Amino acid sequence: MIGRTSGARVSITGLGCHVPERVLSNDDLAELVDTSDEWIMSRTGIRERRIAADEEALTDICLPAARRAVEMARVDPASVDLLIVATVTPDMAFPSSSALLADMLGMPDAAAYDLSAGCTGFVYAIAQAHAMLAAGLAQRALVVGGDVLSKILDWTDRSTLVLFGDGAGAVMLERVGEGGFLGFELGADGGGGANLWLPGSGSRKFEDPERFVKMNGREVFKFATRVMVSSAEAILDECGLTVADVDVYVPHQANVRIIDHAVKKLGIDKEKTIVNVDRYGNTSSGSIPLALADAADDGRLEPGKLVLLTGMGAGLTWGSALIRWTHETTGALA
Ligand SMILES: CC(C)(COP(=O)(O)OP(=O)(O)OC[C@H]1O[C@@H](n2cnc3c(N)ncnc32)[C@H](O)[C@@H]1OP(=O)(O)O)[C@@H](O)C(=O)NCCC(=O)NCCS
């Protein structure tokens with residue numbers, strides 16, 4: 001799917017993120033499996049990651065992120081009428097984590113559902129929320145991306161264990177006067193699905209060890225380096241823009257080598273690229289909003305800046321969004 005946005009302008013008016021307190025370094029991992037800081041740093045660029053406590057579930061880490069986004073947007077939570085949580089690690093299959101979160105946040109009028117598109121989930125979710133707002137079906141949408149992949153990793157499998165971490169981010173989407181989302185490109189290839197999957201997690205029966213994440217790292221690497229470039233180029237082309245127009249590039253934070261490859265192939269300035277995979281590892285659906293929050297903290301998200309988001313992940317899926325940044329809030333509580 002690819003398209004330029006039409007209808008009302010929609011933008012991000014609030015942004016928040018949250019990570020669990022516990023930090024796990026590469027040296028900590030080397031005590032659990034046969035790996036080393038040198039191997040992990042040279043192959044992935046990851047130095048450390050955050051890991052949820054035993055009792056912490058997805059909504060526990062999404063809630064503070066969501067509250068921050070609501071506060072920044074200065075809106076009454078009760079006025080939010082759409083809540084989408086992008087995740088592959090909901091608290092449980094049902095009720096949805098979004099329904100639970102809507103209750104915790106005081107959003108009784110919100111349509112609430114979870115969305116599963118692997119690490120691309122956040123980009124898929126903002127595209128959906130955008131469409132609902134632009135079409136006038138909803139007035140105010142909270143989109144949360146988060147995962148606690150530590151709960152579904154095989155803690156004896158070094159090939160996956162070292163890559164992932166836990167974290168969440170949230171954005172408020174509202175109609176604005178200027179700027180906002182310009183277009184989206186989203187795709188999926190289920191044929192490659194078994195390269196990154198959680199086989200024993202649904203109605204197809206698998207034996208016990210299949211309840212952990214399994215990955216063909218080399219195939220995913222090849223896929224990632226291809227789609228991170230093709231998706232970004234496609235959306236820029238669709239919107240009549242070029243790489244030179246991009247002010248801030250927010251790629252999915254899976255591996256610094258994948259990011260470096262995309263930066264080089266696309267010809268994007270490295271200074272324009274947000275990288276925090278060294279601190280958080282791959283947080284799946286939390287990755288892009290966590291990186292956006294870093295960009296905001298650095299003061300890079302100034303009004304008028306063109307921001308390119310590109311993600312890829314399980315599915316296999318990929319997706320890009322282009323947004324002309326705005327600082328506008330609807331001032332609902334002003
Ligand atoms: C996983 C990944 C880092 C592996 O890097 P790589 O350079 O392809 O490494 P290889 O898979 O070729 O493995 C090289 C060797 O390191 C070993 N190895 C794998 N994981 C290791 C670890 N954590 N520590 C030490 N050695 C490890 C392998 O067993 C292999 O050993 P061998 O040569 O004796 O068989 C890389 O393929 C990757 O990043 N893939 C994409 C994964 C991803 O981003 N997934 C999420 C997408 S949302």
# chains A, B, ... in the order shown; residues from 1 in each chain; ligands from 1

call {"tool": "residues_near_ligand", "arguments": {"ligand": "ligand 1", "cutoff": "7 Å", "atoms": "only C-alpha atoms and all ligand atoms", "output": "ChimeraX atom specification"}}
result
/A:34-36,39-40,43-44,119,158-160,162,217-218,220-221,254-255,284,312-314

call {"tool": "closest_atom_pairs", "arguments": {"of": "stretch 10-107 of chain A", "to": "stretch 272-276 of chain A", "cutoff": "10 Å", "atoms": "only C-alpha atoms", "output": "CSV"}}
result
residue,atom,partner,partner_atom,distance
A:Gly45,CA,A:Asn276,CA,9.5
A:Ile46,CA,A:Asn276,CA,8.7
A:Arg47,CA,A:Asn276,CA,10.0

call {"tool": "select_by_dssp", "arguments": {"residues": "stretch 39-106 of chain A", "states": "strand (DSSP E or B)", "output": "list of chain:residue names"}}
result
A:Glu48, A:Arg49, A:Arg50, A:Leu82, A:Leu83, A:Ile84, A:Val85, A:Ala86

call {"tool": "residues_around", "arguments": {"residues": "A:Leu133", "least_positions_apart": "2", "cutoff": "10 Å", "atoms": "only C-alpha atoms", "output": "short mmCIF file (atom, residue, chain, number, x, y, z; two decimals) with C-alpha atoms, in the first residue's frame"}}
result
data_model
loop_
_atom_site.label_atom_id
_atom_site.label_comp_id
_atom_site.auth_asym_id
_atom_site.auth_seq_id
_atom_site.Cartn_x
_atom_site.Cartn_y
_atom_site.Cartn_z
CA GLY A 7 -8.54 14.90 3.76
CA ALA A 8 -7.83 16.78 6.98
CA ARG A 9 -4.24 17.36 8.03
CA VAL A 10 -3.16 15.19 10.94
CA SER A 11 -0.03 15.49 13.03
CA ASP A 81 -11.78 8.35 20.93
CA LEU A 82 -9.26 5.97 19.36
CA GLN A 128 -4.51 3.62 10.53
CA ALA A 129 -5.06 6.34 13.10
CA HIS A 130 -4.28 8.98 10.49
CA ALA A 131 -6.88 7.54 8.14
CA ALA A 135 -11.91 10.69 7.42
CA GLY A 136 -13.63 12.22 10.43
CA LEU A 137 -14.37 8.88 12.10
CA ALA A 138 -12.31 9.86 15.16
CA GLN A 139 -11.28 13.20 16.63
CA ARG A 140 -8.24 12.31 18.71
CA ALA A 141 -6.10 9.17 18.59
CA LEU A 173 -2.53 12.31 16.77
CA GLU A 174 -4.86 15.23 16.10
CA ARG A 175 -6.03 17.37 13.23
#

call {"tool": "closest_residue", "arguments": {"among": "A:Glu71, A:Met107, A:Ala168, A:Gly118", "to": "A:Ala57", "atoms": "only C-alpha atoms"}}
result
A:Ala168

call {"tool": "select_by_dssp", "arguments": {"residues": "stretch 117-174 of chain A", "states": "alpha helix (DSSP H)", "output": "number ranges by chain"}}
result
A: 121-134, 158-161

call {"tool": "closest_residue", "arguments": {"among": "A:Glu210, A:Ala53, A:Gly286, A:Leu115", "to": "A:Ala65", "atoms": "only C-alpha atoms"}}
result
A:Gly286

call {"tool": "closest_residue", "arguments": {"among": "A:Leu290, A:Leu241, A:Ala78, A:Ile51", "to": "A:Gly183", "atoms": "only C-alpha atoms"}}
result
A:Leu241

call {"tool": "residues_around", "arguments": {"residues": "A:Val171", "least_positions_apart": "2", "cutoff": "9 Å", "atoms": "only C-alpha atoms", "output": "NGL selection string"}}
result
:A and (12-17 or 65-66 or 68-70 or 73 or 126 or 141-145 or 169 or 173 or 289)

call {"tool": "atom_distance", "arguments": {"atom1": "atom CA of A:Gly165", "atom2": "atom CA of A:Ile235"}}
result
28.7 Å

call {"tool": "residues_around", "arguments": {"residues": "A:Leu182", "least_positions_apart": "3", "cutoff": "8 Å", "atoms": "only C-alpha atoms", "output": "ChimeraX atom specification"}}
result
/A:4-5,179,239,321-324

call {"tool": "closest_residue", "arguments": {"among": "A:Leu58, A:Val248, A:Ile84, A:Val213", "to": "A:Gly299", "atoms": "only C-alpha atoms"}}
result
A:Val248

call {"tool": "residues_around", "arguments": {"residues": "A:Arg211", "least_positions_apart": "3", "cutoff": "10 Å", "atoms": "only C-alpha atoms", "output": "list in words"}}
result
Ile152, Leu153, Asp154, Trp197, Leu198, Pro199, Gly200, Ser201, Gly202, Phe206, Glu207, Asp208 and Lys214 of chain A

call {"tool": "atom_distance", "arguments": {"atom1": "atom CA of A:Ala244", "atom2": "atom CA of A:Thr283"}}
result
28.5 Å
